[in-house]
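**Student:** Please find one structure pasted underneath; my questions will follow.
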Amino acid sequence: MKKFAIVMCALTVLAGFAFGGTETYSSGREMKQTAVQQTPCPEWYRDTEWNVNLWGTYALTGNSWRNDTYLGVDHAWGGGIFFDVNGNRSESGAAGAALGTFTFRYPIPCTRFAPYVFGGGGAIFGGGGREELIFASDGDVIGARNRGSETKAVGQFGGGFEVRFTPTIGLMNDFSWNVVAGPKNNFGMVRSGITIAF
């Protein structure tokens, strides 16, 4: 029994020395490690690029048109180009705005999709006037015109997303909330259009 215990102890000690790990070496040369080659993702967005946007818009007021003291309508259609210079055509006339916004866009890696948020301010013009009715000689109302429009400060914040078809052409969609001279004049704006990147 003593011989068996000594042999087992000797084999255990020798086994520890015999097992040197899982790495293998080939005759003194450096080990060669093979890395899996991955195909890089296509880049749809560049770190530094300029964008030109051409879009259509739909504006909706936060209050009833009877209570709104600036736009004076429940909804309006319009469009714009570049740097948020835009105009909306309403039933009682035209209103426009010139805005400067700061945009944070996060292109999701290896996709064409980029959500973004923005905020800024500027001026809105063409609204806030009185609507005068135009009467025919028999007393019927035949039209209306907006008189005495005002220019007001406007703040804008919102968010949306862009999808690129190519690295230079994409589709943008967003929603913004616009704050104009007090809570009765606020309105939302939905935009959709084309982005061209340089």
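In the structure tokens, chains take the letters A, B, ... in the order shown, each chain's residues start at 1, and ligands count up from 1 in the order shown.
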Taking a cut-off of 12 Å and counting only C-alpha atoms, can you build a table that, for each residue of stretch 93-129 of chain A near stretch 166-182 of chain A, reports the nearest atom pair and how far apart they are in Å (one decimal), sorted by chain then residue number, as JSON lines?
**Tutor:**
{"residue": "A:Ala97", "atom": "CA", "partner": "A:Asn178", "partner_atom": "CA", "distance": 10.7}
{"residue": "A:Leu99", "atom": "CA", "partner": "A:Asn178", "partner_atom": "CA", "distance": 10.8}
{"residue": "A:Thr101", "atom": "CA", "partner": "A:Ser176", "partner_atom": "CA", "distance": 11.4}
{"residue": "A:Thr103", "atom": "CA", "partner": "A:Asp174", "partner_atom": "CA", "distance": 12.0}
{"residue": "A:Arg105", "atom": "CA", "partner": "A:Met172", "partner_atom": "CA", "distance": 11.7}
{"residue": "A:Pro107", "atom": "CA", "partner": "A:Pro167", "partner_atom": "CA", "distance": 12.0}
{"residue": "A:Thr111", "atom": "CA", "partner": "A:Pro167", "partner_atom": "CA", "distance": 11.3}
{"residue": "A:Arg112", "atom": "CA", "partner": "A:Thr166", "partner_atom": "CA", "distance": 8.6}
{"residue": "A:Phe113", "atom": "CA", "partner": "A:Gly170", "partner_atom": "CA", "distance": 9.6}
{"residue": "A:Ala114", "atom": "CA", "partner": "A:Met172", "partner_atom": "CA", "distance": 9.4}
{"residue": "A:Pro115", "atom": "CA", "partner": "A:Asp174", "partner_atom": "CA", "distance": 9.4}
{"residue": "A:Tyr116", "atom": "CA", "partner": "A:Asp174", "partner_atom": "CA", "distance": 8.7}
{"residue": "A:Val117", "atom": "CA", "partner": "A:Asp174", "partner_atom": "CA", "distance": 8.9}
{"residue": "A:Phe118", "atom": "CA", "partner": "A:Ser176", "partner_atom": "CA", "distance": 8.5}
{"residue": "A:Gly119", "atom": "CA", "partner": "A:Ser176", "partner_atom": "CA", "distance": 8.7}
{"residue": "A:Gly120", "atom": "CA", "partner": "A:Asn178", "partner_atom": "CA", "distance": 9.8}
{"residue": "A:Gly121", "atom": "CA", "partner": "A:Asn178", "partner_atom": "CA", "distance": 9.0}
{"residue": "A:Gly122", "atom": "CA", "partner": "A:Val180", "partner_atom": "CA", "distance": 10.1}
{"residue": "A:Ala123", "atom": "CA", "partner": "A:Val180", "partner_atom": "CA", "distance": 9.0}
{"residue": "A:Ile124", "atom": "CA", "partner": "A:Val180", "partner_atom": "CA", "distance": 8.0}
{"residue": "A:Phe125", "atom": "CA", "partner": "A:Val180", "partner_atom": "CA", "distance": 10.6}
{"residue": "A:Gly127", "atom": "CA", "partner": "A:Val180", "partner_atom": "CA", "distance": 10.6}
{"residue": "A:Gly128", "atom": "CA", "partner": "A:Ala181", "partner_atom": "CA", "distance": 10.2}
**Student:** Create the file for the chosen residues now, containing N, CA and C atoms and written as a short mmCIF file (atom, residue, chain, number, x, y, z; two decimals), in the first residue's frame.
**Tutor:**
data_model
loop_
_atom_site.label_atom_id
_atom_site.label_comp_id
_atom_site.auth_asym_id
_atom_site.auth_seq_id
_atom_site.Cartn_x
_atom_site.Cartn_y
_atom_site.Cartn_z
N ALA A 97 -40.65 82.66 -41.33
CA ALA A 97 -39.75 82.70 -40.18
C ALA A 97 -38.32 82.52 -40.65
N LEU A 99 -34.87 81.23 -38.73
CA LEU A 99 -34.43 80.62 -37.48
C LEU A 99 -32.99 80.14 -37.58
N THR A 101 -30.84 77.22 -35.63
CA THR A 101 -31.02 76.12 -34.68
C THR A 101 -29.71 75.36 -34.50
N THR A 103 -28.38 71.59 -33.88
CA THR A 103 -28.88 70.23 -34.07
C THR A 103 -27.86 69.22 -33.58
N ARG A 105 -27.23 65.30 -33.99
CA ARG A 105 -27.64 64.11 -34.75
C ARG A 105 -26.74 62.95 -34.35
N PRO A 107 -25.89 59.40 -35.83
CA PRO A 107 -26.02 58.32 -36.81
C PRO A 107 -25.77 56.96 -36.13
N THR A 111 -25.81 51.67 -39.99
CA THR A 111 -27.17 51.78 -40.52
C THR A 111 -27.28 53.10 -41.29
N ARG A 112 -28.36 53.25 -42.00
CA ARG A 112 -28.65 54.50 -42.73
C ARG A 112 -29.47 55.47 -41.88
N PHE A 113 -29.79 55.11 -40.65
CA PHE A 113 -30.73 55.81 -39.78
C PHE A 113 -30.00 56.72 -38.81
N ALA A 114 -30.47 57.99 -38.66
CA ALA A 114 -29.86 58.94 -37.74
C ALA A 114 -30.95 59.78 -37.06
N PRO A 115 -31.28 59.50 -35.80
CA PRO A 115 -32.20 60.37 -35.07
C PRO A 115 -31.51 61.68 -34.69
N TYR A 116 -32.28 62.74 -34.50
CA TYR A 116 -31.71 64.02 -34.11
C TYR A 116 -32.69 64.83 -33.28
N VAL A 117 -32.14 65.77 -32.51
CA VAL A 117 -32.92 66.75 -31.75
C VAL A 117 -32.35 68.12 -32.07
N PHE A 118 -33.17 69.15 -31.94
CA PHE A 118 -32.71 70.50 -32.27
C PHE A 118 -33.44 71.53 -31.42
N GLY A 119 -32.85 72.70 -31.34
CA GLY A 119 -33.45 73.81 -30.63
C GLY A 119 -32.80 75.10 -31.08
N GLY A 120 -33.53 76.18 -31.02
CA GLY A 120 -32.99 77.46 -31.45
C GLY A 120 -34.03 78.54 -31.42
N GLY A 121 -33.76 79.60 -32.13
CA GLY A 121 -34.68 80.73 -32.14
C GLY A 121 -34.46 81.63 -33.32
N GLY A 122 -35.31 82.64 -33.42
CA GLY A 122 -35.23 83.59 -34.52
C GLY A 122 -36.41 84.53 -34.51
N ALA A 123 -36.89 84.83 -35.70
CA ALA A 123 -38.01 85.76 -35.84
C ALA A 123 -39.06 85.16 -36.75
N ILE A 124 -40.32 85.47 -36.45
CA ILE A 124 -41.44 85.07 -37.29
C ILE A 124 -42.15 86.36 -37.72
N PHE A 125 -42.60 86.37 -38.96
CA PHE A 125 -43.19 87.60 -39.50
C PHE A 125 -44.40 87.26 -40.36
N GLY A 127 -47.67 87.61 -39.37
CA GLY A 127 -48.89 87.30 -38.62
C GLY A 127 -49.18 88.39 -37.61
N GLY A 128 -50.19 88.17 -36.80
CA GLY A 128 -50.53 89.11 -35.74
C GLY A 128 -51.35 90.30 -36.16
#
**Student:** Pick the closest to A:Asn63 from A:His75, A:Cys41, A:Glu49, A:Phe157: which is it, counting only C-alpha atoms?
**Tutor:**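 Among the listed residues, A:His75 lies closest to A:Asn63.
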